[in-house]
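File shown: work25.cif (mmCIF, C-alpha atoms).
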```
data_coords
loop_
_atom_site.label_atom_id
_atom_site.label_comp_id
_atom_site.auth_asym_id
_atom_site.auth_seq_id
_atom_site.Cartn_x
_atom_site.Cartn_y
_atom_site.Cartn_z
CA MET A 1 21.16 11.27 -0.63
CA GLU A 2 21.40 13.06 -3.95
CA ARG A 3 24.27 10.91 -5.28
CA PRO A 4 23.27 8.07 -7.66
CA PRO A 5 24.77 4.74 -6.56
CA SER A 6 26.71 2.21 -8.59
CA LEU A 7 24.13 -0.50 -9.24
CA GLY A 8 26.50 -3.29 -10.28
CA ASP A 9 25.38 -6.33 -12.24
CA ALA A 10 22.58 -8.77 -11.48
CA SER A 11 24.95 -11.42 -10.14
CA SER A 12 25.93 -9.18 -7.23
CA ARG A 13 22.35 -8.89 -5.96
CA ARG A 14 20.86 -10.79 -3.07
CA ASP A 15 19.49 -14.13 -4.28
CA VAL A 16 17.53 -15.84 -1.50
CA SER A 17 15.92 -14.90 1.82
CA GLU A 18 14.89 -17.90 3.90
CA ALA A 19 12.02 -18.11 6.38
CA PRO A 20 12.67 -21.56 7.92
CA SER A 21 9.67 -21.54 10.24
CA ALA A 22 7.26 -20.94 7.34
CA GLY A 23 9.17 -22.97 4.76
CA ILE A 24 9.04 -20.02 2.38
CA ALA A 25 11.95 -18.65 0.36
CA ILE A 26 12.07 -15.23 -1.30
CA ARG A 27 14.18 -14.88 -4.42
CA GLU A 28 14.47 -12.66 -7.45
CA LEU A 29 12.69 -13.72 -10.64
CA THR A 30 15.51 -14.62 -12.99
CA THR A 31 14.18 -17.52 -15.07
CA ASN A 32 11.71 -17.35 -17.94
CA GLU A 33 9.41 -19.76 -16.10
CA ASP A 34 9.34 -17.62 -12.94
CA CYS A 35 8.47 -14.55 -15.02
CA ARG A 36 5.71 -16.45 -16.84
CA VAL A 37 4.17 -17.57 -13.54
CA ALA A 38 4.19 -13.95 -12.31
CA VAL A 39 2.14 -13.04 -15.39
CA ASP A 40 -0.37 -15.81 -14.62
CA LEU A 41 -0.64 -14.61 -11.03
CA GLN A 42 -1.69 -11.14 -12.19
CA ARG A 43 -4.72 -12.67 -13.87
CA GLU A 44 -5.48 -14.85 -10.86
CA ILE A 45 -5.14 -12.12 -8.22
CA TRP A 46 -6.54 -9.04 -9.97
CA GLY A 47 -8.42 -10.41 -12.97
CA PHE A 48 -6.39 -8.19 -15.29
CA ASP A 49 -6.87 -8.32 -19.03
CA ILE A 50 -4.00 -8.12 -21.50
CA GLY A 51 -3.92 -4.32 -21.46
CA ASP A 52 -3.03 -4.11 -17.74
CA ILE A 53 -0.65 -7.06 -17.37
CA VAL A 54 3.09 -6.51 -16.90
CA PRO A 55 4.67 -8.87 -19.46
CA ALA A 56 7.20 -11.57 -18.63
CA SER A 57 9.86 -9.76 -20.66
CA LEU A 58 9.67 -6.72 -18.37
CA PHE A 59 9.94 -8.88 -15.23
CA HIS A 60 13.06 -10.35 -16.78
CA ILE A 61 14.92 -7.12 -17.60
CA VAL A 62 14.21 -4.73 -14.72
CA SER A 63 17.07 -6.10 -12.62
CA PHE A 64 19.56 -4.82 -15.20
CA VAL A 65 18.66 -1.21 -14.35
CA GLY A 66 18.09 -1.43 -10.60
CA GLY A 67 14.46 -2.56 -10.69
CA LEU A 68 13.19 -5.63 -8.89
CA GLY A 69 10.94 -8.60 -9.47
CA ALA A 70 10.90 -11.15 -6.65
CA GLY A 71 8.71 -14.08 -5.69
CA ALA A 72 7.79 -16.01 -2.56
CA PHE A 73 8.08 -19.78 -3.04
CA ASP A 74 6.86 -22.64 -0.86
CA ALA A 75 8.74 -25.86 -0.13
CA ASN A 76 7.57 -27.28 -3.48
CA ASP A 77 8.90 -24.21 -5.33
CA ARG A 78 5.37 -22.97 -6.08
CA MET A 79 5.10 -19.21 -6.29
CA LEU A 80 2.75 -17.86 -3.61
CA GLY A 81 3.18 -14.19 -4.42
CA PHE A 82 5.43 -11.62 -6.00
CA VAL A 83 6.56 -8.01 -5.83
CA PHE A 84 7.58 -5.94 -8.84
CA GLY A 85 8.80 -2.40 -9.44
CA VAL A 86 11.00 -0.09 -11.46
CA THR A 87 13.69 2.40 -10.45
CA GLY A 88 13.99 6.03 -11.46
CA ILE A 89 14.24 9.59 -10.16
CA ARG A 90 11.56 11.29 -8.04
CA ASP A 91 12.12 14.74 -6.54
CA GLY A 92 15.77 14.49 -7.53
CA VAL A 93 16.32 11.30 -5.50
CA LEU A 94 17.07 7.82 -6.81
CA SER A 95 13.85 6.00 -5.96
CA HIS A 96 12.00 2.76 -6.63
CA TRP A 97 8.34 2.56 -7.66
CA SER A 98 6.84 -0.65 -6.33
CA HIS A 99 4.15 -1.23 -8.93
CA MET A 100 2.70 -4.57 -7.79
CA LEU A 101 2.51 -6.75 -4.70
CA GLY A 102 0.27 -9.77 -5.06
CA VAL A 103 -0.33 -12.88 -2.95
CA ARG A 104 -2.49 -15.91 -3.73
CA ASP A 105 -5.68 -16.19 -1.66
CA GLU A 106 -4.42 -19.33 0.06
CA ALA A 107 -1.30 -17.55 1.34
CA ARG A 108 -2.86 -14.30 2.55
CA ASN A 109 -2.55 -13.37 6.24
CA SER A 110 0.47 -15.67 6.48
CA GLY A 111 3.19 -13.02 6.42
CA VAL A 112 4.12 -13.54 2.75
CA GLY A 113 3.36 -9.94 1.82
CA ARG A 114 5.55 -8.58 4.58
CA MET A 115 8.38 -10.97 3.67
CA LEU A 116 8.27 -9.70 0.09
CA LYS A 117 8.31 -6.06 1.20
CA GLU A 118 11.20 -6.61 3.61
CA PHE A 119 13.16 -8.44 0.90
CA GLN A 120 12.44 -5.54 -1.43
CA ARG A 121 13.64 -3.01 1.15
CA ALA A 122 16.84 -4.91 1.92
CA THR A 123 17.68 -5.61 -1.73
CA LEU A 124 17.11 -2.04 -2.91
CA GLY A 125 18.90 -0.60 0.11
CA GLY A 126 21.91 -2.71 -0.83
CA LEU A 127 21.88 -1.07 -4.25
CA GLY A 128 21.91 2.41 -2.74
CA ILE A 129 18.30 3.24 -3.67
CA GLU A 130 17.01 5.55 -0.97
CA ARG A 131 13.22 5.67 -1.28
CA ILE A 132 10.51 3.21 -2.20
CA TYR A 133 7.10 4.43 -3.37
CA TRP A 134 3.87 2.57 -3.96
CA THR A 135 0.12 3.13 -3.95
CA PHE A 136 -2.91 1.65 -2.25
CA ASP A 137 -6.63 2.32 -2.07
CA PRO A 138 -7.36 4.56 0.96
CA LEU A 139 -10.60 2.63 1.57
CA GLN A 140 -8.77 -0.68 2.10
CA ALA A 141 -8.38 -0.71 5.88
CA LYS A 142 -6.26 -3.85 6.06
CA ASN A 143 -3.81 -2.54 3.45
CA ALA A 144 -3.70 0.85 5.16
CA TYR A 145 -2.79 -0.77 8.50
CA PHE A 146 -0.18 -2.98 6.85
CA ASN A 147 1.46 -0.14 4.93
CA LEU A 148 1.40 2.61 7.56
CA ASN A 149 1.64 0.70 10.85
CA ARG A 150 3.54 -2.45 9.95
CA LEU A 151 5.86 -1.15 7.22
CA GLY A 152 6.18 2.38 8.59
CA ALA A 153 5.33 4.03 5.27
CA GLN A 154 4.55 7.75 5.11
CA ILE A 155 1.83 9.29 2.97
CA ASP A 156 3.30 11.35 0.16
CA GLN A 157 0.21 12.32 -1.82
CA TYR A 158 -3.53 11.67 -2.31
CA VAL A 159 -4.28 11.21 -6.03
CA LEU A 160 -7.81 11.37 -7.43
CA ASP A 161 -8.84 8.55 -9.80
CA MET A 162 -5.22 7.64 -10.46
CA TYR A 163 -5.79 4.70 -12.84
CA GLY A 164 -9.22 5.57 -14.22
CA ASN A 165 -11.67 2.74 -14.87
CA THR A 166 -9.57 -0.42 -15.07
CA GLY A 167 -12.44 -2.87 -15.45
CA SER A 168 -11.05 -4.97 -12.58
CA PRO A 169 -13.80 -6.39 -10.32
CA LEU A 170 -11.60 -5.52 -7.34
CA HIS A 171 -12.06 -1.81 -8.08
CA LEU A 172 -15.85 -2.07 -7.75
CA GLY A 173 -16.46 0.43 -10.52
CA LEU A 174 -15.44 3.25 -8.17
CA PRO A 175 -12.98 6.04 -8.96
CA THR A 176 -9.49 4.64 -8.34
CA ASP A 177 -8.34 7.19 -5.77
CA ARG A 178 -4.95 6.21 -4.38
CA LEU A 179 -2.57 7.16 -1.63
CA ILE A 180 1.06 7.37 -2.74
CA VAL A 181 3.25 6.31 0.17
CA ARG A 182 6.98 6.13 0.60
CA THR A 183 9.49 4.54 2.89
CA SER A 184 13.24 4.49 3.22
CA ALA A 185 15.01 1.63 1.51
CA ALA A 186 17.82 1.86 4.05
CA ALA A 187 15.95 1.71 7.36
CA ARG A 188 12.43 1.49 8.70
CA ASP A 189 10.72 4.76 9.55
CA ASP A 190 9.36 5.45 13.05
CA ALA A 191 6.18 3.59 13.95
CA PRO A 192 3.01 5.69 14.43
CA PRO A 193 1.75 6.49 17.95
CA ARG A 194 -0.82 4.14 19.44
CA PHE A 195 -3.83 4.56 21.70
CA ASP A 196 -6.32 2.10 23.16
CA SER A 197 -9.66 3.64 22.24
CA HIS A 198 -11.15 6.20 19.90
CA ASP A 199 -13.63 7.34 22.56
CA ALA A 200 -13.71 11.12 22.97
CA LEU A 201 -11.54 11.68 19.90
CA PRO A 202 -13.16 13.81 17.16
CA ILE A 203 -14.16 11.86 14.06
CA LEU A 204 -14.73 12.78 10.42
CA THR A 205 -17.24 10.29 9.02
CA SER A 206 -20.28 10.09 6.77
CA PHE A 207 -21.72 7.25 8.83
CA PRO A 208 -21.67 8.48 12.46
CA GLN A 209 -22.60 6.14 15.28
CA GLY A 210 -23.95 6.80 18.74
CA GLY A 211 -21.40 8.41 21.04
CA ASP A 212 -19.20 9.73 18.25
CA VAL A 213 -17.61 13.11 18.80
CA LEU A 214 -18.14 14.77 15.45
CA LEU A 215 -15.79 17.43 14.23
CA GLY A 216 -17.75 20.50 13.23
CA GLU A 217 -16.46 23.86 12.13
CA ARG A 218 -13.91 25.00 14.69
CA ILE A 219 -11.48 27.88 14.87
CA ALA A 220 -8.86 25.73 16.63
CA TRP A 221 -8.76 22.09 15.68
CA PRO A 222 -7.64 19.40 18.19
CA PRO A 223 -4.22 17.66 18.23
CA VAL A 224 -5.67 14.36 16.98
CA VAL A 225 -8.42 13.86 14.38
CA LEU A 226 -9.75 10.53 13.11
CA ILE A 227 -10.94 9.83 9.55
CA GLU A 228 -13.19 6.80 9.50
CA ILE A 229 -12.88 4.28 6.69
CA PRO A 230 -14.91 1.09 6.24
CA ALA A 231 -13.46 -1.93 7.99
CA ASP A 232 -14.20 -3.97 4.83
CA ILE A 233 -15.06 -1.95 1.73
CA MET A 234 -15.71 -5.11 -0.31
CA SER A 235 -18.52 -6.13 2.07
CA VAL A 236 -19.93 -2.60 1.95
CA ALA A 237 -19.97 -2.68 -1.85
CA GLN A 238 -21.71 -6.05 -1.90
CA ARG A 239 -24.48 -4.59 0.26
CA SER A 240 -24.71 -1.18 -1.38
CA LEU A 241 -22.63 0.39 -4.14
CA ASP A 242 -24.15 3.75 -3.19
CA ASP A 243 -22.67 3.43 0.30
CA ALA A 244 -19.30 2.48 -1.20
CA ARG A 245 -19.39 5.59 -3.39
CA THR A 246 -20.30 7.70 -0.37
CA TRP A 247 -17.25 6.37 1.46
CA ARG A 248 -15.05 7.18 -1.53
CA VAL A 249 -16.24 10.78 -1.80
CA SER A 250 -16.27 11.47 1.94
CA VAL A 251 -12.80 10.09 2.62
CA ARG A 252 -11.47 12.08 -0.34
CA GLN A 253 -13.02 15.26 1.05
CA HIS A 254 -11.76 14.57 4.56
CA PHE A 255 -8.20 14.12 3.36
CA GLU A 256 -8.42 17.36 1.38
CA SER A 257 -9.87 19.23 4.37
CA LEU A 258 -7.19 18.03 6.77
CA ARG A 259 -4.40 18.77 4.33
CA GLY A 260 -5.72 22.31 3.96
CA ARG A 261 -5.57 22.71 7.75
CA GLY A 262 -2.00 21.46 7.99
CA TYR A 263 -2.67 17.91 9.20
CA GLY A 264 -0.99 14.73 8.04
CA VAL A 265 -1.95 11.07 8.53
CA ASN A 266 0.62 8.98 10.37
CA GLY A 267 -1.14 5.71 11.10
CA VAL A 268 -4.31 3.63 11.35
CA HIS A 269 -6.33 2.77 14.45
CA ARG A 270 -8.45 -0.37 14.37
CA ASP A 271 -10.88 -0.53 17.28
CA ALA A 272 -11.20 -4.12 18.47
CA GLY A 273 -14.43 -3.49 20.35
CA SER A 274 -16.44 -1.81 17.62
CA GLY A 275 -14.63 -3.26 14.60
CA ARG A 276 -14.26 0.25 13.15
CA ALA A 277 -11.15 1.62 11.42
CA PHE A 278 -9.71 5.14 11.34
CA TYR A 279 -6.80 7.08 9.91
CA VAL A 280 -5.03 9.03 12.63
CA ALA A 281 -4.29 12.63 11.64
CA VAL A 282 -2.09 15.06 13.55
CA PRO A 283 -0.75 18.54 12.73
CA ARG A 284 2.35 18.40 10.54
CA PRO A 285 5.53 19.89 12.00
CA ALA A 286 6.34 23.37 10.76
CA GLY A 287 8.52 23.21 7.66
#
```
I need this file expressed as structure tokens, please.
Amino acid sequence: MERPPSLGDASSRRDVSEAPSAGIAIRELTTNEDCRVAVDLQREIWGFDIGDIVPASLFHIVSFVGGLGAGAFDANDRMLGFVFGVTGIRDGVLSHWSHMLGVRDEARNSGVGRMLKEFQRATLGGLGIERIYWTFDPLQAKNAYFNLNRLGAQIDQYVLDMYGNTGSPLHLGLPTDRLIVRTSAAARDDAPPRFDSHDALPILTSFPQGGDVLLGERIAWPPVVLIEIPADIMSVAQRSLDDARTWRVSVRQHFESLRGRGYGVNGVHRDAGSGRAFYVAVPRPAG
């Protein structure tokens, strides 16, 4: 685990991952044209200006030092999305920082994002890289479910206003709080526990609803605590930026409170009946 691997040269890396049923192929970005398209996609997906865009030259060279840029291509060789990251050392372990994962609007909810992440995991695992880190907005319920439940990622750290004010319309003018998560590049981590309903489970929320069991000040806290997040923060922000800011501050405070009491989040529960979404927090094992 502590021993750096031999990375080899770019020609020894995995080239293509086929998904015959979807007609989508995943491959590394090795041509100048592929790298240029990945730059264009950053503008299309996030609305980045020149100061935030990863340049084509960096996409082109990361593979020489164990990094990865890969794209998802349809049957007409049109790029539908990409993943990009760099490799380095974190906590003394050879690790990969997955900086970007972007998918065109037309290809979302089609499995492209998961295909890119699984290709990333398999490719980096083949290089001997042991951990993959990335960030996401804790208020994005769909991303939280995808990262924690589908990919089996574990929360490593909550970071306040990690990127500052980026100017991107997707950030809504809110502080860019982020969860840093990690997963093993060699094998998928255990999936989080599941339950059918949040009824009777204590909830931390700034927007309580009828029937909620609210978690007040207790000497002994219960074995499961839920942190509510908005099911769709973009819709909340369109209705009221003040409500969106309230969600940001309250979720931040709830994470800090649970961490101080020895709890960790290990998954997301989405309630089909109410449409609500919650992080599931349980006491961390000793040590």
### Task
List the neighbours of stretch 74-88 of chain A out to 10 Å using only C-alpha atoms; skip same-chain residues closer than 3 positions along the sequence, and give me the result as a PyMOL selection string.
chain A and resi 19-20+22-29+34-35+37-38+41-42+45+54+58-59+62-63+65-71+92-108+112-113+116-117+119-120+124+129+131-134
### Task
Expand the PyMOL selection byres ((chain A and resi 252) around 12) into the individual residues it matches in the shown file, reporting them as a PyMOL selection string.
chain A and resi 137-139+157-161+175-179+204-206+227-229+245-251+253-259
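The space separating atom CA of A:Thr183 from atom CA of A:Glu118 comes to 11.3 Å.
Atom CA of A:Gly210 lies 26.7 Å from atom CA of A:Pro283.
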### Task
Could you tell me which residues the PyMOL selection byres ((chain A and resi 263-272) around 7) returns for this structure, as an NGL selection string?
:A and (144-145 or 148-149 or 154-155 or 192 or 197 or 258-259 or 261-262 or 273-284)
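Between atom CA of A:Ala122 and atom CA of A:Ala185 there is a distance of 6.8 Å.
With all atoms listed in the file as the atoms that count, the residue of A:Gly111, A:Ile203, A:Asp242, A:Gly125 with the shortest distance to A:Val225 is A:Ile203.
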### Of the listed residues A:Ala244, A:Ala56, A:Leu215, A:Leu201, that which approaches A:Thr30 most closely, counting only C-alpha atoms
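Residue with the minimum atom-to-atom distance to A:Thr30: A:Ala56.
Across A:Tyr163, A:Ser235, A:Gln140, A:Ala72, the tightest approach to A:Ser110 is made by A:Ala72 when counting all atoms listed in the file.
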Residues at most 10 Å from A:Met234, counting all atoms listed in the file, excluding those fewer than 4 positions away in the same chain, as a CSV table (one decimal) with C-alpha atoms, in the frame of the given file?
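result19.csv, written as the output of this step:
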```csv
chain,number,residue,atom,x,y,z
A,139,LEU,CA,-10.6,2.6,1.6
A,140,GLN,CA,-8.8,-0.7,2.1
A,170,LEU,CA,-11.6,-5.5,-7.3
A,171,HIS,CA,-12.1,-1.8,-8.1
A,172,LEU,CA,-15.8,-2.1,-7.8
A,230,PRO,CA,-14.9,1.1,6.2
A,238,GLN,CA,-21.7,-6.0,-1.9
A,239,ARG,CA,-24.5,-4.6,0.3
A,240,SER,CA,-24.7,-1.2,-1.4
A,241,LEU,CA,-22.6,0.4,-4.1
A,244,ALA,CA,-19.3,2.5,-1.2
```
